[in-house]
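Encoded as structure tokens, the structure appears first; notes follow it.
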Amino acid sequence: MGQKMNPNAMRLGIGKTWKSMWYADDKNYKDKLHEDIKIREYVTQKLKMAGLDRVEIARSTNNIQVNAYVARPGVAIGRGGEGIDEIKKYLSRKIKSNIDIKINEVRKPELSARIIANSVAEGMQRGQSPKKMMSIEKDKAIQAGAKGVRIWVSGDFGVPKQSRTMKLTEGNIPLQTLRSNIDFATVAVPIRNEGLRGVRVWVYREDQEEDNKSESVE
């Protein structure tokens, strides 16, 4: 079971919570779901360089609260808050709702599976060796206090091209223990002249630690 299900989905209601927090009846559910998808896609695109970890969306009667968790909040906010204003104006125009955006700083980005996966993906796009990037990110996570790290990179490698998965693991990854604080992320990245590659990352943190503690900065 632990090998076939998303570790985050397995732990919903136990050690993790939903990234969209609202209720809608059958009539409005589809429209709100598609709005959430548009919001996530746009915020992810705009805050990619800020080291985005996750986007959480909460709705009230006439307001949509968007919480973005990033490693570099200064990059996300921009000079004089220009970055936030641009995102807010665009989304308010597209969604036609009152949108409030808050930027939260991730205290330990080295323990974020999403940030690690994006770092490996960006390194491969720059032409760096997947094994080197995997080793660098694994060492950073262990030094930051991770109890276990697993990184997989799948795609076509070698000459001639052969489909395989590079795997790197250090420490313990108790996937079948629901109380374990496992962070999981997957990223698909196109590589020039190499095709599409997939990056999967598991990070096992201290069980008693809050899910990647963060501070609100905007």
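Note on naming: chains are A, B, ... as they come in the structure tokens, residues start from 1 per chain, ligands start from 1 in the order shown.
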
Determine, counting only C-alpha atoms, which protein, DNA and RNA residues have an atom within 7 Å of an atom of stretch 134-144 of chain A; residues of the same chain fewer than 5 positions away are not included. Present the result as a CSV table (one decimal) with N, CA and C atoms, in the first residue's frame.
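Ended up saving to selection.csv:
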```
chain,number,residue,atom,x,y,z
A,110,GLU,N,15.1,23.2,2.8
A,110,GLU,CA,15.9,21.9,2.5
A,110,GLU,C,15.1,20.7,2.8
A,111,LEU,N,14.0,20.8,3.6
A,111,LEU,CA,13.2,19.7,4.0
A,111,LEU,C,11.9,19.6,3.2
A,116,ILE,N,12.9,20.5,-3.3
A,116,ILE,CA,14.0,19.6,-3.7
A,116,ILE,C,13.8,19.1,-5.1
A,120,VAL,N,16.3,19.8,-8.4
A,120,VAL,CA,16.9,18.8,-9.2
A,120,VAL,C,16.4,19.0,-10.7
A,149,VAL,N,15.7,10.5,3.2
A,149,VAL,CA,15.5,11.1,2.0
A,149,VAL,C,15.6,10.1,0.8
A,151,ILE,N,15.2,10.0,-3.5
A,151,ILE,CA,15.0,10.8,-4.7
A,151,ILE,C,15.1,9.9,-5.9
```

Identify, on the basis of only C-alpha atoms, every residue whose closest approach to A:Asn62 does not exceed 10 Å; exclude the query and any residue fewer than 4 positions from it along the same chain; express the result as a PyMOL selection string.
chain A and resi 97-99

So that each row is one residue of stretch 65-101 of chain A with an atom at most 9 Å from stretch 42-50 of chain A, can you give its shortest atom pair and the distance in Å to one decimal, using only C-alpha atoms, rows by chain and rising number, as JSON lines?
```
{"residue": "A:Ala68", "atom": "CA", "partner": "A:Val43", "partner_atom": "CA", "distance": 8.0}
{"residue": "A:Val70", "atom": "CA", "partner": "A:Ala50", "partner_atom": "CA", "distance": 6.0}
{"residue": "A:Ala71", "atom": "CA", "partner": "A:Ala50", "partner_atom": "CA", "distance": 6.2}
{"residue": "A:Arg72", "atom": "CA", "partner": "A:Ala50", "partner_atom": "CA", "distance": 4.9}
{"residue": "A:Pro73", "atom": "CA", "partner": "A:Ala50", "partner_atom": "CA", "distance": 6.5}
{"residue": "A:Gly74", "atom": "CA", "partner": "A:Ala50", "partner_atom": "CA", "distance": 7.9}
{"residue": "A:Val75", "atom": "CA", "partner": "A:Ala50", "partner_atom": "CA", "distance": 5.4}
{"residue": "A:Ala76", "atom": "CA", "partner": "A:Ala50", "partner_atom": "CA", "distance": 5.5}
{"residue": "A:Gly83", "atom": "CA", "partner": "A:Lys46", "partner_atom": "CA", "distance": 8.5}
{"residue": "A:Ile87", "atom": "CA", "partner": "A:Val43", "partner_atom": "CA", "distance": 7.3}
{"residue": "A:Leu91", "atom": "CA", "partner": "A:Tyr42", "partner_atom": "CA", "distance": 8.3}
```

Test item: residues at most 8 Å from A:Asp156, only C-alpha atoms, excluding those fewer than 4 positions along its chain, as a list in words
Lys161, Gln162, Ser163, Arg164, Glu194, Gly195 and Arg197 of chain A

Selected residues written out with C-alpha atoms, as a PDB file, in the first residue's frame:
```pdb
ATOM      1  CA  LYS A 161      19.097   6.017 -24.895  1.00  0.00           C
ATOM      2  CA  GLN A 162      17.591   3.598 -22.405  1.00  0.00           C
ATOM      3  CA  SER A 163      14.581   4.199 -20.165  1.00  0.00           C
ATOM      4  CA  ARG A 164      15.430   3.700 -16.492  1.00  0.00           C
ATOM      5  CA  GLU A 194      16.476  14.232 -23.896  1.00  0.00           C
ATOM      6  CA  GLY A 195      12.674  14.237 -23.698  1.00  0.00           C
ATOM      7  CA  ARG A 197      11.963  13.293 -17.178  1.00  0.00           C
TER       8      ARG A 197
END
```

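With only C-alpha atoms as the basis for measurement, A:Ile191 is the residue among A:Ile191, A:Ile182, A:Met10, A:Met133 that approaches A:Phe157 most closely.
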
Check the DSSP output for the backbone and give back, as an MDAnalysis selection string, the residues of stretch 69-185 of chain A in strand (DSSP E or B).
chainID A and resid 69:70 98:106 148:157 162:171 181:185

Suppose we keep N, CA and C atoms; can you now write the selection as an mmCIF file, in the first residue's frame?
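Listing of selection.cif after writing:
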```cif
data_model
loop_
_atom_site.group_PDB
_atom_site.id
_atom_site.type_symbol
_atom_site.label_atom_id
_atom_site.label_comp_id
_atom_site.auth_asym_id
_atom_site.auth_seq_id
_atom_site.Cartn_x
_atom_site.Cartn_y
_atom_site.Cartn_z
ATOM 1 N N TYR A 69 3.513 29.429 0.178
ATOM 2 C CA TYR A 69 4.660 29.143 1.043
ATOM 3 C C TYR A 69 5.906 29.038 0.171
ATOM 4 N N VAL A 70 6.875 29.938 0.409
ATOM 5 C CA VAL A 70 8.052 30.027 -0.458
ATOM 6 C C VAL A 70 9.325 30.051 0.379
ATOM 7 N N ASN A 98 -13.049 38.737 -4.831
ATOM 8 C CA ASN A 98 -12.091 39.432 -3.987
ATOM 9 C C ASN A 98 -11.038 38.430 -3.508
ATOM 10 N N ILE A 99 -9.775 38.649 -3.890
ATOM 11 C CA ILE A 99 -8.711 37.698 -3.583
ATOM 12 C C ILE A 99 -7.667 38.356 -2.688
ATOM 13 N N ASP A 100 -7.341 37.681 -1.606
ATOM 14 C CA ASP A 100 -6.307 38.142 -0.682
ATOM 15 C C ASP A 100 -5.159 37.140 -0.724
ATOM 16 N N ILE A 101 -3.948 37.643 -0.922
ATOM 17 C CA ILE A 101 -2.776 36.769 -1.067
ATOM 18 C C ILE A 101 -1.794 37.048 0.065
ATOM 19 N N LYS A 102 -1.330 35.990 0.697
ATOM 20 C CA LYS A 102 -0.313 36.107 1.732
ATOM 21 C C LYS A 102 0.885 35.242 1.376
ATOM 22 N N ILE A 103 2.058 35.797 1.571
ATOM 23 C CA ILE A 103 3.301 35.079 1.331
ATOM 24 C C ILE A 103 3.862 34.629 2.669
ATOM 25 N N ASN A 104 4.132 33.344 2.805
ATOM 26 C CA ASN A 104 4.670 32.772 4.036
ATOM 27 C C ASN A 104 6.049 32.183 3.757
ATOM 28 N N GLU A 105 6.969 32.433 4.658
ATOM 29 C CA GLU A 105 8.325 31.928 4.486
ATOM 30 C C GLU A 105 8.452 30.510 5.048
ATOM 31 N N VAL A 106 9.001 29.617 4.264
ATOM 32 C CA VAL A 106 9.291 28.264 4.720
ATOM 33 C C VAL A 106 10.605 28.296 5.495
ATOM 34 N N GLY A 148 15.260 10.829 6.770
ATOM 35 C CA GLY A 148 15.407 9.981 5.591
ATOM 36 C C GLY A 148 15.047 10.766 4.341
ATOM 37 N N VAL A 149 15.735 10.459 3.237
ATOM 38 C CA VAL A 149 15.484 11.123 1.956
ATOM 39 C C VAL A 149 15.556 10.085 0.844
ATOM 40 N N ARG A 150 14.591 10.153 -0.054
ATOM 41 C CA ARG A 150 14.612 9.289 -1.237
ATOM 42 C C ARG A 150 14.328 10.143 -2.462
ATOM 43 N N ILE A 151 15.195 10.047 -3.483
ATOM 44 C CA ILE A 151 15.030 10.822 -4.715
ATOM 45 C C ILE A 151 15.122 9.867 -5.902
ATOM 46 N N TRP A 152 14.119 9.909 -6.768
ATOM 47 C CA TRP A 152 14.108 9.116 -7.992
ATOM 48 C C TRP A 152 14.003 10.046 -9.186
ATOM 49 N N VAL A 153 14.796 9.767 -10.209
ATOM 50 C CA VAL A 153 14.709 10.495 -11.472
ATOM 51 C C VAL A 153 14.522 9.481 -12.590
ATOM 52 N N SER A 154 13.413 9.593 -13.321
ATOM 53 C CA SER A 154 13.088 8.643 -14.383
ATOM 54 C C SER A 154 13.151 9.329 -15.742
ATOM 55 N N GLY A 155 13.633 8.583 -16.741
ATOM 56 C CA GLY A 155 13.715 9.126 -18.098
ATOM 57 C C GLY A 155 14.648 8.289 -18.946
ATOM 58 N N ASP A 156 15.048 8.843 -20.092
ATOM 59 C CA ASP A 156 15.980 8.175 -20.995
ATOM 60 C C ASP A 156 17.391 8.659 -20.703
ATOM 61 N N PHE A 157 18.290 7.712 -20.424
ATOM 62 C CA PHE A 157 19.669 8.052 -20.093
ATOM 63 C C PHE A 157 20.619 7.197 -20.924
ATOM 64 N N GLN A 162 18.279 4.708 -23.049
ATOM 65 C CA GLN A 162 17.591 3.598 -22.405
ATOM 66 C C GLN A 162 16.743 4.143 -21.251
ATOM 67 N N SER A 163 15.482 3.731 -21.204
ATOM 68 C CA SER A 163 14.581 4.199 -20.165
ATOM 69 C C SER A 163 14.896 3.495 -18.845
ATOM 70 N N ARG A 164 15.154 4.286 -17.799
ATOM 71 C CA ARG A 164 15.430 3.700 -16.492
ATOM 72 C C ARG A 164 15.188 4.746 -15.411
ATOM 73 N N THR A 165 15.334 4.341 -14.172
ATOM 74 C CA THR A 165 15.119 5.224 -13.030
ATOM 75 C C THR A 165 16.365 5.247 -12.161
ATOM 76 N N MET A 166 16.913 6.441 -11.970
ATOM 77 C CA MET A 166 18.021 6.618 -11.038
ATOM 78 C C MET A 166 17.454 6.777 -9.635
ATOM 79 N N LYS A 167 17.993 6.040 -8.678
ATOM 80 C CA LYS A 167 17.468 6.064 -7.315
ATOM 81 C C LYS A 167 18.571 6.394 -6.324
ATOM 82 N N LEU A 168 18.234 7.232 -5.354
ATOM 83 C CA LEU A 168 19.169 7.586 -4.289
ATOM 84 C C LEU A 168 18.397 7.663 -2.981
ATOM 85 N N THR A 169 18.840 6.925 -1.985
ATOM 86 C CA THR A 169 18.147 6.888 -0.694
ATOM 87 C C THR A 169 19.157 6.953 0.437
ATOM 88 N N GLU A 170 18.812 7.709 1.457
ATOM 89 C CA GLU A 170 19.609 7.728 2.691
ATOM 90 C C GLU A 170 18.660 7.851 3.873
ATOM 91 N N GLY A 171 18.879 7.058 4.877
ATOM 92 C CA GLY A 171 18.026 7.081 6.048
ATOM 93 C C GLY A 171 16.792 6.211 5.865
ATOM 94 N N ASN A 181 5.910 11.570 9.485
ATOM 95 C CA ASN A 181 5.796 12.852 8.793
ATOM 96 C C ASN A 181 6.547 12.771 7.463
ATOM 97 N N ILE A 182 5.871 12.265 6.439
ATOM 98 C CA ILE A 182 6.467 12.100 5.118
ATOM 99 C C ILE A 182 5.975 13.209 4.206
ATOM 100 N N ASP A 183 6.909 13.909 3.579
ATOM 101 C CA ASP A 183 6.561 14.898 2.561
ATOM 102 C C ASP A 183 6.924 14.309 1.201
ATOM 103 N N PHE A 184 6.001 14.431 0.240
ATOM 104 C CA PHE A 184 6.198 13.818 -1.079
ATOM 105 C C PHE A 184 5.855 14.825 -2.171
ATOM 106 N N ALA A 185 6.633 14.798 -3.251
ATOM 107 C CA ALA A 185 6.353 15.664 -4.394
ATOM 108 C C ALA A 185 6.862 15.000 -5.665
#
```

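Among A:Lys30, A:Arg54, A:Lys19, A:Lys89, the residue with the shortest atom-to-atom distance to A:Ser112, counting only C-alpha atoms, is A:Arg54.
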
Distance in Å - atom CA of A:Gln176 versus atom CA of A:Ile115:
23.6 Å

Would you give me, as JSON, numbers by chain, the residues in stretch 1-214 of chain A that DSSP reads as alpha helix (DSSP H)?
{"A": [7, 8, 9, 10, 26, 27, 28, 29, 30, 31, 32, 33, 34, 35, 36, 37, 38, 39, 40, 41, 42, 43, 44, 45, 46, 73, 74, 75, 76, 77, 82, 83, 84, 85, 86, 87, 88, 89, 90, 91, 92, 93, 94, 95, 113, 114, 115, 116, 117, 118, 119, 120, 121, 122, 123, 124, 125, 130, 131, 132, 133, 134, 135, 136, 137, 138, 139, 140, 141, 142, 143]}

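Minimum atom-to-atom distance to A:Pro7, evaluated using only C-alpha atoms, belongs to A:Ala113 out of A:Gly145, A:Thr61, A:Ala113, A:Gln125.
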
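The residue that comes closest to A:Arg59, out of A:Lys16, A:Arg126, A:Lys32, A:Arg107 and on the basis of only C-alpha atoms, is A:Lys32.
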
Within 8 Å of A:Leu178, counting only C-alpha atoms, which residues qualify if same-chain residues fewer than 5 places away don't, as a PyMOL selection string?
chain A and resi 10-11+14-15

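Each of A:Asn6, A:Asp36, A:Ile57, A:Ile95 was checked against A:Ser20 using only C-alpha atoms; the smallest atom-to-atom distance is that of A:Ile57.
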
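Closest approach to A:Glu122 from the set A:Gly158, A:Val187, A:Asn63, A:Lys88 is made by A:Val187, with distances taken over only C-alpha atoms.
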
Gap from atom CA of A:Val55 to atom CA of A:Asn67 - Å, one decimal:
5.7 Å

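The two atoms in question, atom CA of A:Ala121 and atom CA of A:Ile77, are spaced 23.9 Å apart.
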